[in-house]
Structures are given as structure tokens and as C-alpha cells.
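With compact mmCIF, C-alpha atoms inside, this is coords-v5.txt:
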# COMPACT_ATOMS: atom_id res chain seq x y z
CA MET J 710 7.11 34.29 -6.89
CA SER J 711 5.54 30.99 -7.97
CA GLU J 712 2.97 31.07 -10.75
CA ASN J 713 0.77 29.02 -8.40
CA THR J 714 0.73 31.65 -5.65
CA GLY J 715 -2.82 32.11 -4.42
CA LYS J 716 -4.10 28.83 -5.82
CA THR J 717 -5.44 26.37 -3.27
CA ALA J 718 -5.26 22.58 -3.13
CA ILE J 719 -7.42 20.35 -0.97
CA VAL J 720 -5.75 17.10 0.05
CA THR J 721 -7.86 14.55 1.90
CA GLY J 722 -6.26 12.10 4.30
CA ALA J 723 -3.38 14.55 4.50
CA SER J 724 -2.21 14.29 8.09
CA ARG J 725 0.21 11.41 7.42
CA GLY J 726 1.62 8.99 4.89
CA ILE J 727 0.99 9.51 1.19
CA GLY J 728 -1.45 12.36 1.83
CA ARG J 729 1.08 14.32 3.83
CA ALA J 730 3.74 13.79 1.16
CA ILE J 731 1.29 15.12 -1.44
CA ALA J 732 0.48 18.18 0.67
CA VAL J 733 4.17 18.97 1.13
CA ARG J 734 4.99 18.46 -2.56
CA LEU J 735 2.19 20.72 -3.73
CA ALA J 736 3.25 23.33 -1.18
CA LYS J 737 6.75 23.26 -2.66
CA SER J 738 5.13 24.12 -5.99
CA GLY J 739 3.54 27.18 -4.41
CA TYR J 740 -0.01 26.01 -3.70
CA ASN J 741 -1.83 26.88 -0.52
CA ILE J 742 -2.97 23.69 1.20
CA ALA J 743 -6.22 22.73 2.90
CA ILE J 744 -5.35 19.68 4.99
CA VAL J 745 -8.43 17.48 5.42
CA ASP J 746 -8.48 14.44 7.69
CA ALA J 747 -10.95 12.56 9.88
CA CYS J 748 -8.50 12.53 12.78
CA PRO J 749 -8.64 15.16 15.55
CA LEU J 750 -7.25 18.51 14.44
CA GLU J 751 -4.25 18.33 16.73
CA MET J 752 -3.03 15.30 14.78
CA SER J 753 -2.89 17.41 11.60
CA LYS J 754 -0.97 20.29 13.18
CA ASP J 755 2.48 18.87 12.37
CA CYS J 756 1.57 18.71 8.70
CA GLU J 757 0.09 22.21 8.83
CA GLU J 758 3.28 23.63 10.34
CA GLU J 759 5.50 21.78 7.86
CA VAL J 760 3.51 23.19 4.95
CA LYS J 761 3.50 26.73 6.36
CA ALA J 762 7.27 26.56 6.73
CA LEU J 763 7.45 26.29 2.94
CA GLY J 764 6.04 29.81 2.61
CA VAL J 765 2.43 29.07 1.67
CA GLU J 766 -0.85 29.23 3.55
CA ALA J 767 -2.16 26.10 5.21
CA LYS J 768 -5.06 25.16 7.44
CA ALA J 769 -6.26 21.84 8.82
CA TYR J 770 -9.90 20.73 8.77
CA GLN J 771 -11.48 17.74 10.48
CA CYS J 772 -13.90 15.98 8.17
CA ASN J 773 -15.19 12.46 7.61
CA VAL J 774 -15.16 12.27 3.80
CA ALA J 775 -18.04 9.77 3.88
CA ASP J 776 -20.36 12.38 5.43
CA PHE J 777 -21.95 14.26 2.51
CA GLU J 778 -23.25 17.18 4.57
CA LYS J 779 -20.01 17.61 6.51
CA VAL J 780 -18.03 17.60 3.27
CA GLY J 781 -20.27 20.37 1.94
CA GLU J 782 -19.71 22.43 5.06
CA THR J 783 -15.95 21.84 4.92
CA VAL J 784 -15.66 22.80 1.25
CA ALA J 785 -17.69 25.96 1.90
CA GLN J 786 -15.38 26.88 4.78
CA ILE J 787 -12.25 26.22 2.72
CA THR J 788 -13.64 28.37 -0.09
CA GLU J 789 -14.32 31.17 2.37
CA ASP J 790 -10.90 30.85 4.03
CA PHE J 791 -8.84 30.64 0.85
CA GLY J 792 -11.03 32.36 -1.74
CA GLY J 793 -11.28 29.41 -4.12
CA ILE J 794 -10.23 25.86 -4.96
CA TYR J 795 -7.96 24.91 -7.85
CA ILE J 796 -6.86 21.37 -6.95
CA LEU J 797 -8.65 18.49 -5.28
CA VAL J 798 -6.68 15.39 -4.32
CA ASN J 799 -8.89 12.53 -3.18
CA ASN J 800 -6.46 10.52 -1.08
CA ALA J 801 -8.41 9.52 2.04
CA GLY J 802 -8.91 5.79 2.28
CA ILE J 803 -9.31 2.84 4.63
CA THR J 804 -8.96 -0.94 4.46
CA ARG J 805 -11.01 -3.69 6.12
CA ASP J 806 -9.41 -6.75 4.55
CA SER J 807 -10.70 -10.32 4.70
CA LEU J 808 -11.70 -13.06 2.31
CA LEU J 809 -15.17 -12.56 0.88
CA LEU J 810 -16.64 -15.53 2.77
CA LYS J 811 -15.62 -13.88 6.04
CA MET J 812 -16.24 -10.26 5.03
CA THR J 813 -19.06 -8.55 6.88
CA GLU J 814 -21.53 -6.21 5.28
CA GLU J 815 -20.38 -3.54 7.71
CA ASN J 816 -16.76 -3.80 6.55
CA PHE J 817 -17.76 -3.78 2.90
CA ASP J 818 -19.95 -0.70 3.35
CA ALA J 819 -17.35 1.15 5.44
CA VAL J 820 -14.65 0.88 2.75
CA ILE J 821 -17.02 1.87 -0.05
CA ALA J 822 -18.28 4.82 2.00
CA VAL J 823 -14.84 6.31 2.61
CA ASN J 824 -12.90 5.35 -0.51
CA LEU J 825 -15.59 5.72 -3.18
CA LYS J 826 -18.44 7.79 -1.79
CA GLY J 827 -15.90 10.09 -0.13
CA THR J 828 -14.40 10.74 -3.55
CA PHE J 829 -17.86 11.49 -4.96
CA ASN J 830 -18.69 13.77 -2.03
CA PHE J 831 -15.66 16.01 -2.50
CA ILE J 832 -16.00 16.13 -6.28
CA LYS J 833 -19.68 17.00 -5.94
CA HIS J 834 -18.98 19.95 -3.65
CA CYS J 835 -15.71 21.18 -5.18
CA THR J 836 -16.58 21.26 -8.87
CA PRO J 837 -19.11 24.11 -8.62
CA VAL J 838 -16.36 26.24 -7.06
CA MET J 839 -13.92 25.27 -9.85
CA MET J 840 -16.52 25.91 -12.55
CA LYS J 841 -16.87 29.55 -11.52
CA LYS J 842 -13.26 30.14 -12.60
CA ARG J 843 -13.42 27.57 -15.40
CA GLU J 844 -10.30 25.76 -14.24
CA GLY J 845 -9.36 22.95 -11.95
CA ARG J 846 -7.42 19.75 -11.39
CA VAL J 847 -8.82 16.66 -9.69
CA VAL J 848 -6.51 13.75 -8.92
CA SER J 849 -7.89 10.70 -7.14
CA ILE J 850 -5.77 7.98 -5.61
CA SER J 851 -6.86 4.55 -6.83
CA SER J 852 -4.68 1.44 -6.49
CA ILE J 853 -3.18 -1.37 -8.50
CA VAL J 854 -5.77 -3.63 -6.88
CA GLY J 855 -8.46 -1.48 -8.47
CA ILE J 856 -7.02 -2.60 -11.81
CA GLU J 857 -5.98 -6.18 -11.11
CA GLY J 858 -7.99 -7.20 -8.04
CA GLN J 859 -6.59 -8.89 -4.95
CA ALA J 860 -7.73 -11.83 -2.86
CA GLY J 861 -8.90 -10.66 0.53
CA GLN J 862 -9.67 -7.17 -0.70
CA VAL J 863 -13.00 -7.39 -2.49
CA ASN J 864 -14.23 -4.22 -0.79
CA TYR J 865 -11.01 -2.26 -1.32
CA SER J 866 -10.64 -3.43 -4.93
CA ALA J 867 -14.24 -2.48 -5.69
CA SER J 868 -13.80 0.95 -4.15
CA LYS J 869 -10.61 1.69 -6.05
CA ALA J 870 -12.00 0.38 -9.35
CA GLY J 871 -14.96 2.67 -8.72
CA VAL J 872 -12.62 5.63 -8.30
CA ILE J 873 -11.31 4.94 -11.80
CA GLY J 874 -14.85 4.87 -13.19
CA VAL J 875 -15.72 8.13 -11.47
CA THR J 876 -12.52 9.70 -12.82
CA LYS J 877 -13.18 8.74 -16.44
CA SER J 878 -16.84 9.77 -16.35
CA CYS J 879 -16.09 13.14 -14.73
CA ALA J 880 -13.28 13.76 -17.22
CA ARG J 881 -15.90 13.64 -19.97
CA GLU J 882 -18.45 15.71 -18.08
CA PHE J 883 -16.13 18.56 -17.07
CA ALA J 884 -13.72 18.81 -20.02
CA SER J 885 -15.64 21.75 -21.48
CA ARG J 886 -15.14 23.60 -18.18
CA ASN J 887 -11.35 23.15 -18.29
CA ILE J 888 -11.34 20.83 -15.28
CA THR J 889 -9.19 17.74 -15.68
CA PHE J 890 -9.69 14.45 -13.86
CA ASN J 891 -6.99 11.81 -13.51
CA ALA J 892 -6.26 8.91 -11.19
CA ILE J 893 -3.06 7.44 -9.81
CA ALA J 894 -2.79 3.73 -9.10
CA PRO J 895 0.02 3.13 -6.60
CA GLY J 896 1.58 -0.27 -6.17
CA TYR J 897 3.28 -1.25 -2.92
CA VAL J 898 4.38 1.88 -1.08
CA GLU J 899 6.60 1.83 1.99
CA THR J 900 4.34 2.60 4.94
CA PRO J 901 3.93 1.35 8.52
CA MET J 902 1.69 -1.40 7.10
CA THR J 903 4.45 -2.81 4.89
CA ALA J 904 7.02 -2.44 7.67
CA VAL J 905 5.42 -5.27 9.64
CA LEU J 906 5.69 -7.80 6.80
CA THR J 907 8.08 -10.72 7.17
CA ASP J 908 11.16 -11.07 4.98
CA LYS J 909 9.45 -13.93 3.17
CA GLN J 910 6.43 -11.75 2.42
CA LYS J 911 8.65 -8.90 1.26
CA ASP J 912 10.62 -11.24 -1.04
CA ALA J 913 7.34 -12.40 -2.61
CA ILE J 914 6.29 -8.80 -3.20
CA PHE J 915 9.64 -7.76 -4.67
CA ALA J 916 9.46 -10.73 -7.05
CA MET J 917 6.42 -9.07 -8.63
CA ILE J 918 8.05 -5.63 -8.96
CA PRO J 919 10.53 -5.17 -11.82
CA LEU J 920 12.28 -2.35 -9.93
CA LYS J 921 12.65 -4.66 -6.90
CA ARG J 922 11.73 -2.11 -4.25
CA TYR J 923 8.80 -0.45 -2.60
CA GLY J 924 7.66 2.93 -3.79
CA GLN J 925 7.97 5.90 -1.45
CA PRO J 926 5.16 8.32 -0.56
CA GLU J 927 7.14 10.97 -2.44
CA ASP J 928 6.88 8.92 -5.65
CA ILE J 929 3.10 9.23 -5.51
CA ALA J 930 3.33 12.90 -4.52
CA ASN J 931 5.55 13.71 -7.50
CA ALA J 932 3.04 12.10 -9.86
CA VAL J 933 0.21 14.11 -8.31
CA ASN J 934 2.23 17.31 -8.65
CA PHE J 935 2.81 16.61 -12.34
CA LEU J 936 -0.87 15.95 -13.06
CA CYS J 937 -1.75 19.22 -11.32
CA SER J 938 0.81 21.24 -13.27
CA ASP J 939 0.46 23.16 -16.51
CA ASP J 940 2.65 20.49 -18.13
CA ALA J 941 -0.32 18.10 -17.78
CA SER J 942 -3.01 20.48 -19.01
CA TYR J 943 -3.84 18.22 -21.99
CA ILE J 944 -4.09 15.03 -19.89
CA THR J 945 -7.50 13.97 -18.59
CA GLY J 946 -9.35 10.72 -17.94
CA GLN J 947 -6.13 8.78 -17.43
CA VAL J 948 -4.91 6.29 -14.84
CA LEU J 949 -1.20 6.57 -14.08
CA SER J 950 0.29 3.46 -12.49
CA VAL J 951 3.10 4.28 -10.06
CA ASP J 952 4.11 0.77 -9.13
CA GLY J 953 7.67 0.00 -10.15
CA GLY J 954 6.46 -1.78 -13.27
CA MET J 955 4.04 -4.26 -11.65
CA HIS J 956 1.20 -3.44 -14.04
CA MET J 957 2.32 -3.43 -17.67

Take the structure from the file and write it as C-alpha cells.
Amino acid sequence: MSENTGKTAIVTGASRGIGRAIAVRLAKSGYNIAIVDACPLEMSKDCEEEVKALGVEAKAYQCNVADFEKVGETVAQITEDFGGIYILVNNAGITRDSLLLKMTEENFDAVIAVNLKGTFNFIKHCTPVMMKKREGRVVSISSIVGIEGQAGQVNYSASKAGVIGVTKSCAREFASRNITFNAIAPGYVETPMTAVLTDKQKDAIFAMIPLKRYGQPEDIANAVNFLCSDDASYITGQVLSVDGGMHM
């Protein structure tokens, strides 16, 4: 039996892509999984069934992470359903890219609301549950553009840089409660978005990556799993770049 049996992980944006890979990887380590996504519940069922097939408990929840009250209700329901929360992975995110001169206020606010405020919302509601048992792991997905910036992504870069600030501040606030906070900054990860790039665009990207390839969702998931493990119990307030060497 896994030493993690009975411990629950919340993964936001978990119905597909990187979030789904994280949910599956944590399930393989024995964690029960609360699958949170803004999409209709039926779109999360495949992930729920895949996780359950690994021998752990899983349940999908529909929740807009930008909605503070809904997040509170969802966290309360997860706590009731699973009996506690040990891990929170803030993965949910959106993009609304354009150059600043063309960026609308609506698109700036939307990205900040989901990527940054959504991270705050889940931390705000999950940490009291973790504090009762004086243990917890919070891993938030930032981005290389939150470190380096990127033309055409002022809103996204700001949101992901903010995630790093939240992570470092919370690491200081909750260290005495044995709750660690870390962030992961992915580089280019192979997703449907990168699949539509031209060969010329891909060559330009690979030229920036020492390992000369995209990352896979599983690369991010493995890093999350490590930061949630006992092997990382003395690591907090850190940003781990998983980017093939782009940011050195």
C-alpha cells in the first residue's frame, strides 16, 4: 500500500493537457484526485475514469477558478467528499494574446482573473484545511514568460510573474505550519497549440532550447510529483524551470 493512500490532491485545469498529466502522475503515487475544471463535468469524465483505473479515488468538479465564492464551495465539497486536502496544484490557465497596443482591458482582466486570482482563490480556501493537519504541498504552474517576459503576452506574463510572487510570499507565511509552496515554470510544451506552428516557427523555438525539443506534459507532471513528495520536504519558495535549458 502506498504511503500516500488516503491523501488527496486537488488539480485545477485537470481535464486535459498538462493538468491531466499531473492528475495521472499523482494518482500513480497513490494520491486521491479531485479533478477541477471550468468545462462541463462530462468533459472531465475521461480523466476521472483514467485516474480511478489506477486504484485511487477520483471525482470531477466544475468550477471557474476566478469565482471566489464558487471556489470556496468547491473546496468545502472536496473536503467533505475526501476528508481533507494534502496537495493543491494550481494549473488552470488561459491566454488572450496580443500586442499591448491592441490588447483590450477585457482580455487583460480575464487572464489575470483566471491565472493569478484563481491561484489566490484556491490557496485562500485550501490552506485553512491544510493547517488543521499542519501539513500540505502547494505547487503552482507559472511559465518561462513569467520570468523572461514575451512580446504579445503582457497579460499572461504578468499573471505568471504574479504566481511566482504569491508562491514566495506564501512560502514565508506558511512555513511554520509545515506547508510548502513552490512554482514550476514550463518552457515550450507539446500541446495542440504548438502542433499548429509552422516548421519555420518550430525551428526558431528549437534554436532557443538547448535540448532541441519540446517538453511533454509528463515532464511537468514528474516535476510536480517530486515537489509534492517527501523527498522535497525541505524545498519551499522555489521556482523550478522545466524548459529544456532555455532559462539558465

Could you please give me, as a count of residues only, the residues of protein, DNA or RNA lying at most 7 Å from (-4.7, 5.6, -12.2) in the coordinate frame of the file, considering all atoms listed in the file? 10

Judged by only C-alpha atoms, the minimum distance to J:Leu808 among J:Thr783, J:Tyr865, J:Ser753, J:Glu758 is found for J:Tyr865

Which one is closest to J:Ala723: J:Val847, J:Ala747, J:Ala819, J:Met955? Count all atoms listed in the file. J:Ala747

At a cut-off of 8 Å from (-0.5, 20.1, -9.3) in the coordinates of the file, what residues are picked up using all atoms listed in the file, written as a list in words?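 Using all atoms listed in the file, the matching residues come out as Leu735, Ser738, Ile796, Arg846, Val933, Asn934, Phe935, Leu936, Cys937, Ser938 and Asp939 of chain J.
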
Residue among J:Phe829, J:Tyr795, J:Tyr740, J:Phe817 lying closest to J:Val774, counting all atoms listed in the file: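 For J:Val774, the nearest of the candidates is J:Phe829.
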
For J:Cys748, work out the shell of residues within 9 Å, counting only C-alpha atoms and skipping chain neighbours fewer than 3 positions away, then give it as a list in words. Gly722, Ser724, Val745, Glu751, Met752, Ser753, Gln771, Cys772 and Asn773 of chain J
